[in-house]
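Raw contents of start_18.txt, compact mmCIF, C-alpha atoms:
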# COMPACT_ATOMS: atom_id res chain seq x y z
CA MET A 1 -22.34 21.80 24.10
CA PRO A 2 -20.43 21.31 20.83
CA ASP A 3 -21.84 18.92 18.25
CA LYS A 4 -20.27 15.46 18.09
CA PRO A 5 -17.93 15.13 15.07
CA ARG A 6 -19.30 13.29 12.06
CA LEU A 7 -18.40 9.62 11.82
CA LEU A 8 -15.80 9.98 9.07
CA ASP A 9 -14.18 12.88 10.92
CA GLN A 10 -13.96 10.62 13.98
CA VAL A 11 -12.29 7.98 11.81
CA ARG A 12 -9.74 10.51 10.51
CA ASP A 13 -9.00 11.79 14.03
CA LYS A 14 -8.43 8.26 15.34
CA ILE A 15 -6.19 7.33 12.41
CA ARG A 16 -4.04 10.43 12.94
CA LEU A 17 -3.89 9.76 16.68
CA LYS A 18 -2.43 6.35 15.88
CA HIS A 19 0.06 7.86 13.40
CA TYR A 20 -1.21 5.94 10.38
CA SER A 21 -0.07 7.23 7.00
CA ILE A 22 -2.24 9.52 4.91
CA ARG A 23 -2.58 6.72 2.35
CA THR A 24 -4.03 4.41 4.98
CA GLU A 25 -6.36 7.22 6.07
CA GLN A 26 -7.60 7.76 2.53
CA ALA A 27 -8.07 4.02 1.92
CA TYR A 28 -9.90 3.37 5.21
CA VAL A 29 -12.22 6.37 4.81
CA ASP A 30 -13.03 5.30 1.25
CA TRP A 31 -13.89 1.71 2.30
CA ILE A 32 -16.06 2.90 5.18
CA LYS A 33 -17.91 5.25 2.81
CA ARG A 34 -18.51 2.40 0.37
CA PHE A 35 -19.71 0.14 3.19
CA ILE A 36 -22.25 2.75 4.36
CA LEU A 37 -23.49 3.47 0.82
CA PHE A 38 -23.78 -0.27 0.09
CA HIS A 39 -26.23 -0.56 2.99
CA ASP A 40 -28.29 2.48 1.95
CA LYS A 41 -26.54 4.91 4.32
CA LYS A 42 -27.38 3.00 7.50
CA HIS A 43 -25.17 3.95 10.44
CA PRO A 44 -22.51 1.27 11.10
CA ALA A 45 -23.47 1.21 14.80
CA THR A 46 -26.80 -0.34 13.78
CA MET A 47 -25.11 -3.05 11.72
CA GLY A 48 -22.98 -6.07 12.54
CA ALA A 49 -21.36 -9.25 11.24
CA GLN A 50 -24.08 -10.03 8.70
CA GLU A 51 -23.78 -6.65 6.98
CA VAL A 52 -19.98 -6.81 6.95
CA GLU A 53 -20.02 -10.29 5.42
CA GLN A 54 -22.57 -9.19 2.82
CA PHE A 55 -20.30 -6.31 1.80
CA LEU A 56 -17.19 -8.48 1.61
CA SER A 57 -19.06 -11.11 -0.42
CA TYR A 58 -20.24 -8.42 -2.81
CA LEU A 59 -16.65 -7.25 -3.33
CA ALA A 60 -15.49 -10.80 -4.10
CA VAL A 61 -18.41 -11.96 -6.26
CA GLU A 62 -19.62 -8.81 -8.02
CA GLY A 63 -16.55 -6.62 -7.74
CA LYS A 64 -14.17 -9.52 -8.43
CA VAL A 65 -11.51 -7.82 -6.28
CA ALA A 66 -8.26 -9.51 -5.29
CA ALA A 67 -7.91 -11.13 -1.86
CA SER A 68 -5.55 -8.37 -0.74
CA THR A 69 -8.15 -5.73 -1.65
CA GLN A 70 -10.89 -7.58 0.22
CA ASN A 71 -8.63 -7.87 3.25
CA GLN A 72 -7.93 -4.15 3.16
CA ALA A 73 -11.68 -3.46 3.20
CA LEU A 74 -12.05 -5.80 6.18
CA ALA A 75 -9.17 -4.06 7.98
CA ALA A 76 -10.89 -0.71 7.48
CA LEU A 77 -14.17 -2.00 8.91
CA LEU A 78 -12.43 -3.68 11.85
CA PHE A 79 -10.73 -0.35 12.59
CA LEU A 80 -14.11 1.41 12.45
CA TYR A 81 -15.82 -0.95 14.89
CA ARG A 82 -12.92 -1.45 17.29
CA GLU A 83 -11.26 1.93 17.40
CA VAL A 84 -14.04 4.39 16.55
CA LEU A 85 -17.30 2.74 17.63
CA ASP A 86 -15.58 0.86 20.46
CA GLN A 87 -17.40 -2.38 19.64
CA ASP A 88 -15.07 -5.32 20.18
CA PHE A 89 -17.68 -8.03 19.86
CA GLY A 90 -16.97 -11.70 19.27
CA TRP A 91 -18.09 -11.51 15.69
CA LEU A 92 -15.16 -9.26 14.91
CA GLU A 93 -12.76 -12.09 15.71
CA GLY A 94 -14.82 -14.60 13.77
CA LEU A 95 -14.62 -12.81 10.43
CA GLU A 96 -12.40 -14.76 8.06
CA ARG A 97 -9.87 -13.01 5.88
CA ALA A 98 -9.64 -13.99 2.24
CA LYS A 99 -6.73 -16.30 1.52
CA ARG A 100 -4.15 -14.74 -0.73
CA PRO A 101 -3.04 -17.13 -3.48
CA ALA A 102 0.53 -18.34 -3.12
CA ARG A 103 2.46 -16.82 -6.00
CA LEU A 104 6.15 -16.92 -6.74
CA PRO A 105 7.82 -13.50 -7.11
CA VAL A 106 9.01 -12.28 -10.49
CA VAL A 107 12.83 -12.21 -10.44
CA LEU A 108 15.14 -10.73 -13.06
CA THR A 109 18.55 -12.07 -13.93
CA VAL A 110 21.58 -9.82 -13.43
CA ALA A 111 21.68 -9.21 -17.19
CA GLU A 112 18.00 -8.23 -17.22
CA VAL A 113 18.46 -5.83 -14.30
CA ARG A 114 21.39 -4.26 -16.13
CA ALA A 115 19.28 -3.92 -19.29
CA VAL A 116 16.44 -2.14 -17.47
CA LEU A 117 18.73 0.20 -15.52
CA ALA A 118 20.55 1.12 -18.73
CA ARG A 119 17.28 2.53 -20.06
CA LEU A 120 16.69 4.78 -17.07
CA ASN A 121 18.39 8.09 -16.36
CA GLY A 122 18.58 10.86 -13.80
CA ARG A 123 16.73 10.42 -10.55
CA HIS A 124 14.76 7.48 -11.95
CA TRP A 125 18.04 5.62 -12.47
CA LEU A 126 19.14 6.52 -8.94
CA MET A 127 15.86 5.39 -7.41
CA ALA A 128 15.74 2.12 -9.33
CA GLY A 129 19.36 1.56 -8.34
CA LEU A 130 18.36 1.85 -4.67
CA LEU A 131 15.43 -0.53 -5.12
CA TYR A 132 17.79 -3.16 -6.50
CA GLY A 133 21.02 -2.24 -4.70
CA SER A 134 19.50 -1.75 -1.24
CA GLY A 135 16.32 -3.83 -1.40
CA LEU A 136 14.06 -0.86 -0.69
CA ARG A 137 10.34 -0.92 -1.18
CA LEU A 138 8.99 1.72 -3.56
CA MET A 139 7.55 3.99 -0.84
CA GLU A 140 10.62 3.55 1.35
CA CYS A 141 12.67 4.92 -1.52
CA VAL A 142 10.51 7.95 -2.31
CA ARG A 143 10.24 8.82 1.42
CA LEU A 144 13.98 8.76 2.08
CA ARG A 145 15.29 11.78 3.99
CA VAL A 146 18.76 13.27 3.58
CA LYS A 147 19.69 12.44 7.19
CA ASP A 148 19.03 8.72 6.60
CA LEU A 149 21.86 8.38 4.06
CA ASP A 150 25.13 7.52 5.80
CA PHE A 151 27.90 7.79 3.22
CA ALA A 152 30.69 7.18 5.76
CA TYR A 153 29.32 3.81 6.85
CA ARG A 154 27.76 3.09 3.45
CA GLN A 155 24.34 2.39 4.88
CA ILE A 156 20.75 3.57 4.68
CA ILE A 157 18.49 3.79 7.70
CA VAL A 158 14.96 2.96 6.62
CA ARG A 159 12.59 4.78 8.97
CA ASP A 160 9.05 3.67 9.67
CA GLY A 161 9.03 0.89 7.10
CA LYS A 162 6.29 -1.70 6.71
CA GLY A 163 4.84 -2.45 10.13
CA GLN A 164 6.26 0.87 11.41
CA LYS A 165 9.70 -0.73 11.85
CA ASP A 166 13.14 0.80 11.32
CA ARG A 167 16.00 -1.15 9.77
CA VAL A 168 19.46 -0.67 8.29
CA THR A 169 20.45 -1.74 4.80
CA MET A 170 23.49 -1.12 2.60
CA LEU A 171 24.17 1.94 0.47
CA PRO A 172 25.74 0.70 -2.79
CA GLN A 173 29.22 2.12 -3.33
CA SER A 174 28.46 2.63 -7.01
CA LEU A 175 25.63 5.02 -6.10
CA SER A 176 27.57 7.00 -3.50
CA GLU A 177 29.02 9.65 -5.81
CA PRO A 178 25.92 10.01 -8.06
CA LEU A 179 23.75 10.40 -4.95
CA GLN A 180 25.99 13.11 -3.51
CA GLN A 181 25.90 14.98 -6.81
CA HIS A 182 22.13 14.63 -6.84
CA LEU A 183 21.90 15.98 -3.28
CA GLU A 184 23.84 19.10 -4.30
CA LYS A 185 21.04 19.93 -6.75
CA VAL A 186 18.37 19.12 -4.16
CA LYS A 187 20.08 21.39 -1.63
CA ALA A 188 20.14 24.26 -4.12
CA LEU A 189 16.40 23.73 -4.68
CA HIS A 190 15.80 23.74 -0.93
CA GLU A 191 17.73 26.99 -0.55
CA GLN A 192 15.53 28.53 -3.24
CA ASP A 193 12.45 27.48 -1.28
CA LEU A 194 13.85 28.99 1.91
CA ALA A 195 14.56 32.24 0.09
CA ALA A 196 10.94 32.24 -1.10
CA GLY A 197 9.73 31.98 2.50
CA VAL A 198 8.77 28.30 2.35
CA GLY A 199 11.14 25.30 2.41
CA GLU A 200 9.27 23.40 5.11
CA VAL A 201 8.81 19.63 4.79
CA TYR A 202 6.30 17.29 6.44
CA LEU A 203 7.51 15.83 9.76
CA PRO A 204 6.16 12.55 11.12
CA PHE A 205 4.10 12.26 14.30
CA ALA A 206 4.57 15.02 16.89
CA LEU A 207 8.08 16.07 15.80
CA GLU A 208 6.71 19.23 14.25
CA ARG A 209 5.56 20.44 17.66
CA LYS A 210 8.65 19.19 19.48
CA TYR A 211 11.19 20.64 17.02
CA ILE A 212 9.57 23.79 15.64
CA ASN A 213 12.17 24.60 12.96
CA ALA A 214 13.19 21.04 12.05
CA GLY A 215 10.94 21.02 8.98
CA ARG A 216 13.19 23.63 7.34
CA GLU A 217 16.47 21.89 8.19
CA TRP A 218 18.46 20.27 5.39
CA GLY A 219 18.66 16.84 7.03
CA TRP A 220 14.88 16.41 7.08
CA GLN A 221 14.40 17.17 3.38
CA TYR A 222 13.40 14.39 0.99
CA VAL A 223 16.19 12.88 -1.10
CA PHE A 224 13.81 12.79 -4.08
CA PRO A 225 11.63 15.91 -3.80
CA ALA A 226 8.75 16.75 -6.10
CA SER A 227 9.39 19.21 -8.91
CA ASN A 228 6.68 21.57 -7.63
CA ARG A 229 5.46 22.66 -4.23
CA SER A 230 1.94 21.66 -3.16
CA ILE A 231 -0.57 22.16 -0.36
CA ASP A 232 -0.37 19.60 2.45
CA PRO A 233 -3.88 18.03 2.69
CA ARG A 234 -3.68 17.73 6.48
CA SER A 235 -2.08 21.01 7.55
CA GLY A 236 -3.03 23.20 4.58
CA ARG A 237 0.57 24.50 4.37
CA GLU A 238 2.55 24.93 1.18
CA ARG A 239 5.34 22.38 1.15
CA ARG A 240 7.59 20.44 -1.21
CA HIS A 241 6.61 16.81 -0.82
CA HIS A 242 8.47 13.78 -2.13
CA LEU A 243 8.33 12.71 -5.77
CA ASP A 244 5.13 10.93 -6.80
CA GLU A 245 5.91 7.22 -6.92
CA LYS A 246 3.88 6.88 -10.12
CA SER A 247 6.62 8.79 -11.92
CA LEU A 248 9.12 6.00 -11.19
CA GLN A 249 6.56 3.28 -11.90
CA ARG A 250 5.92 4.69 -15.35
CA ALA A 251 9.64 5.06 -16.08
CA VAL A 252 10.38 1.47 -15.03
CA LYS A 253 7.46 0.13 -17.05
CA GLN A 254 8.75 1.94 -20.13
CA ALA A 255 12.31 0.70 -19.51
CA VAL A 256 11.08 -2.90 -19.19
CA ARG A 257 9.22 -2.51 -22.47
CA GLU A 258 12.28 -1.05 -24.22
CA ALA A 259 14.45 -3.87 -22.88
CA ALA A 260 12.03 -6.31 -24.57
CA LEU A 261 11.56 -8.36 -21.39
CA THR A 262 8.71 -10.85 -21.36
CA LYS A 263 8.57 -10.97 -17.55
CA PRO A 264 5.91 -8.76 -15.91
CA ALA A 265 8.54 -6.73 -14.06
CA SER A 266 7.73 -3.70 -11.90
CA CYS A 267 9.47 -1.55 -9.29
CA HIS A 268 8.96 -4.26 -6.66
CA THR A 269 10.70 -6.78 -8.94
CA PHE A 270 13.99 -5.02 -8.13
CA ARG A 271 13.51 -5.87 -4.43
CA HIS A 272 12.73 -9.50 -5.30
CA SER A 273 15.86 -9.61 -7.46
CA PHE A 274 17.96 -8.02 -4.69
CA ALA A 275 17.01 -10.81 -2.25
CA THR A 276 17.42 -13.62 -4.76
CA HIS A 277 20.81 -12.45 -6.03
CA LEU A 278 22.15 -12.12 -2.46
CA LEU A 279 21.09 -15.70 -1.70
CA GLN A 280 22.65 -16.86 -4.96
CA ALA A 281 25.87 -15.15 -3.91
CA GLY A 282 25.92 -17.29 -0.76
CA TYR A 283 24.73 -14.81 1.87
CA ASP A 284 22.93 -16.22 4.89
CA ILE A 285 19.14 -16.12 4.70
CA ARG A 286 18.92 -14.49 8.15
CA THR A 287 21.11 -11.64 6.91
CA VAL A 288 18.88 -11.19 3.87
CA GLN A 289 15.84 -11.29 6.16
CA GLU A 290 17.21 -8.38 8.21
CA LEU A 291 18.10 -6.35 5.13
CA LEU A 292 14.59 -6.80 3.76
CA GLY A 293 12.94 -6.09 7.11
CA HIS A 294 10.89 -9.30 7.12
CA LYS A 295 9.33 -10.18 10.46
CA ASP A 296 9.47 -13.93 9.79
CA VAL A 297 12.19 -15.82 7.93
CA SER A 298 9.49 -17.88 6.21
CA THR A 299 8.66 -14.78 4.16
CA THR A 300 12.27 -14.60 2.98
CA MET A 301 12.29 -18.33 2.18
CA ILE A 302 10.17 -17.72 -0.91
CA TYR A 303 13.28 -16.40 -2.68
CA THR A 304 15.02 -19.76 -2.41
CA HIS A 305 12.82 -21.12 -5.20
CA VAL A 306 15.20 -19.93 -7.91
CA LEU A 307 18.33 -21.26 -6.23
CA ASN A 308 17.61 -24.72 -7.55
CA LYS A 309 17.90 -25.56 -11.22
CA GLY A 310 14.69 -26.33 -13.04
CA GLY A 311 11.54 -27.39 -11.26
CA GLN A 312 12.38 -28.30 -7.63
CA GLY A 313 16.03 -28.80 -8.59
CA VAL A 314 15.29 -31.92 -10.63
CA ASP A 315 17.01 -32.60 -13.97
CA SER A 316 14.62 -33.17 -16.84
CA PRO A 317 14.75 -36.75 -18.22
CA LEU A 318 15.02 -35.24 -21.70
CA ASP A 319 18.46 -33.86 -20.78
CA ARG A 320 19.64 -37.39 -19.96
CA LEU A 321 19.03 -38.75 -23.45

Take the structure I supplied and represent it as structure tokens, if you would.
Amino acid sequence: MPDKPRLLDQVRDKIRLKHYSIRTEQAYVDWIKRFILFHDKKHPATMGAQEVEQFLSYLAVEGKVAASTQNQALAALLFLYREVLDQDFGWLEGLERAKRPARLPVVLTVAEVRAVLARLNGRHWLMAGLLYGSGLRLMECVRLRVKDLDFAYRQIIVRDGKGQKDRVTMLPQSLSEPLQQHLEKVKALHEQDLAAGVGEVYLPFALERKYINAGREWGWQYVFPASNRSIDPRSGRERRHHLDEKSLQRAVKQAVREAALTKPASCHTFRHSFATHLLQAGYDIRTVQELLGHKDVSTTMIYTHVLNKGGQGVDSPLDRL
């Protein structure tokens, strides 16, 4: 009789069965490891609500982590107990998530966006242009596949976005020609990989088994591939993955600094600015909601805060003197 897989291997198997991303897998495994080490390597099956609450309290008080980080740790532990240990006890439902503080998004003016983009070049300029011009999230941009760019209809199909949802957003006309020129270079790189006996790209879910040669097809290649090939951590195969998102983050941070902006702008600020500028232009909030891929319109409503002048749209009494 074969030995039962180790706990963390069971966690990895369950995560892959549910088609979670490799980033989620790495984060969940790390939190479960930390939870076990925190309790002197006791097996989670012998622990319960008290131990989970002690760990979460430690993260908040001693670790001083943000609410979102604490909630991610809780999500990992809930996954462990529900999906791996098959323990759906009442205490799982009773655990309270940390409340995330309500913060207004950082939004750039059109002039500020122009100033930042002017200090980017090459693929970083293209990617930042898509973040602002199409409202893409950072990882949605770096994971774009060639087949998801529709130049005829001027649209981008965002596959497996946040919440594993697909959506359609616009492809800016001003990026159409630069993107096609960029893809010519990417295709030449892909052909070099094929000639070298590689050229395969990661395929989501079970597509690799269903379509054996799809990973080598041009349409499945990443729009923004990495400069070098690497070994896939799950399959062990040599592949060309997408560009590391940190590359764009560093470039944007440097561009913001060179533009002498005082706002704490980041890659995600382009998405905030995309939504706000569309609302300022008079587009319906439901349309903006669909373009952003928000589940609830209340999430999109946060961008209306800059549509009013001043605080809550009230004129300062000083301006009436």

Inset, instruction - Pick out the closest residue to A:Gln254 from this set: A:Arg167, A:Val11, A:His43, A:Ala118. Count all atoms listed in the file. - result: A:Ala118

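Of the residues under consideration (A:Ile156, A:Leu17, A:Leu56, A:Val288), A:Val288 shows the shortest atom-to-atom contact distance to A:Ser273 when counting all atoms listed in the file.
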
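With distances restricted to only C-alpha atoms, A:Leu77 is the closest residue to A:Glu51 from A:Leu203, A:Leu77, A:Leu130, A:Leu104.
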
Inset, instruction - For A:Ala152, please output as a VMD selection string all residues within 12 Å (counting all atoms listed in the file; exclusion window: fewer than 6 positions along the same chain). - result: chain A and resid 170 to 173 176 to 177 180

Restricting the output to C-alpha atoms, write the selected residues as a PDB file, in the frame of the given file.
ATOM      1  CA  MET A 170      23.490  -1.120   2.600  1.00  0.00           C
ATOM      2  CA  LEU A 171      24.170   1.940   0.470  1.00  0.00           C
ATOM      3  CA  PRO A 172      25.740   0.700  -2.790  1.00  0.00           C
ATOM      4  CA  GLN A 173      29.220   2.120  -3.330  1.00  0.00           C
ATOM      5  CA  SER A 176      27.570   7.000  -3.500  1.00  0.00           C
ATOM      6  CA  GLU A 177      29.020   9.650  -5.810  1.00  0.00           C
ATOM      7  CA  GLN A 180      25.990  13.110  -3.510  1.00  0.00           C
TER       8      GLN A 180
END

Legend entry - Two-atom distance - atom CA of A:Gly133, atom CA of A:His241 (Å): 24.2 Å

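Take atom CA of A:Ser230 and atom CA of A:Ala251: the distance between them is 22.4 Å.
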
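Rounded to one decimal, atom CA of A:Arg119 and atom CA of A:His268 lie 17.2 Å from each other.
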
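Closest to A:Pro204 among A:Asp160, A:Asp284, A:Asp13, A:Glu83 is A:Asp160, based on all atoms listed in the file.
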
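Restricting the calculation to only C-alpha atoms, the smallest distance between A:Asp9 and any of A:Val65, A:Leu80, A:Arg257, A:Asp40 is found for A:Leu80.
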
Inset, instruction - Find, counting all atoms listed in the file, the residue in A:Arg137, A:Arg23, A:Arg123, A:Arg229 that gets nearest to A:Ser266. - result: A:Arg137

Legend entry - Spatial neighbours of A:Arg114, 10 Å, only C-alpha atoms, chain gap at least 5 places, as an MDAnalysis selection string: chainID A and resid 108:109 119 129 259

Selection export as a compact mmCIF listing (two decimals), in the coordinates of the input, atoms kept: C-alpha atoms:
# COMPACT_ATOMS: atom_id res chain seq x y z
CA LEU A 108 15.14 -10.73 -13.06
CA THR A 109 18.55 -12.07 -13.93
CA ARG A 119 17.28 2.53 -20.06
CA GLY A 129 19.36 1.56 -8.34
CA ALA A 259 14.45 -3.87 -22.88

Tell me, as a PDB file with C-alpha atoms, in the coordinates of the input, which residues lie within 6 Å of A:Val223, counting all atoms listed in the file; anything in the same chain fewer than 2 positions away does not count.
ATOM      1  CA  LEU A 144      13.980   8.760   2.080  1.00  0.00           C
ATOM      2  CA  ARG A 145      15.290  11.780   3.990  1.00  0.00           C
ATOM      3  CA  VAL A 146      18.760  13.270   3.580  1.00  0.00           C
TER       4      VAL A 146
END

Surrounding residues of A:Asp30 excluding itself and chain neighbours under 2 positions, 12 Å, only C-alpha atoms, as a CSV table (one decimal) with C-alpha atoms, keeping the file's coordinate frame:
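As written to disk, result06.csv reads:
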chain,number,residue,atom,x,y,z
A,8,LEU,CA,-15.8,10.0,9.1
A,11,VAL,CA,-12.3,8.0,11.8
A,12,ARG,CA,-9.7,10.5,10.5
A,23,ARG,CA,-2.6,6.7,2.4
A,24,THR,CA,-4.0,4.4,5.0
A,25,GLU,CA,-6.4,7.2,6.1
A,26,GLN,CA,-7.6,7.8,2.5
A,27,ALA,CA,-8.1,4.0,1.9
A,28,TYR,CA,-9.9,3.4,5.2
A,32,ILE,CA,-16.1,2.9,5.2
A,33,LYS,CA,-17.9,5.2,2.8
A,34,ARG,CA,-18.5,2.4,0.4
A,35,PHE,CA,-19.7,0.1,3.2
A,36,ILE,CA,-22.2,2.8,4.4
A,37,LEU,CA,-23.5,3.5,0.8
A,72,GLN,CA,-7.9,-4.2,3.2
A,73,ALA,CA,-11.7,-3.5,3.2
A,76,ALA,CA,-10.9,-0.7,7.5
A,77,LEU,CA,-14.2,-2.0,8.9
A,80,LEU,CA,-14.1,1.4,12.4

I'd like the box whose edges run along x, y and z of the file and which contains every listed atom of stretch 46-60 of chain A, padded by 3 Å per side; could you state its centre and edge lengths in Å, one decimal, as AutoDock Vina command-line options?
--center_x -21.1 --center_y -5.7 --center_z 4.8 --size_x 17.3 --size_y 16.8 --size_z 23.9

Inset, instruction - Tell me which protein, DNA and RNA residues are within 12 Å of A:Lys185, counting all atoms listed in the file, leaving out same-chain ones fewer than 4 positions away, and put them as a list in words. - result: Gly122, Arg123, Pro178, Leu179, Gln180, Gln181, Leu189, His190, Glu191, Gln192, Val223, Phe224, Pro225 and Ser227 of chain A
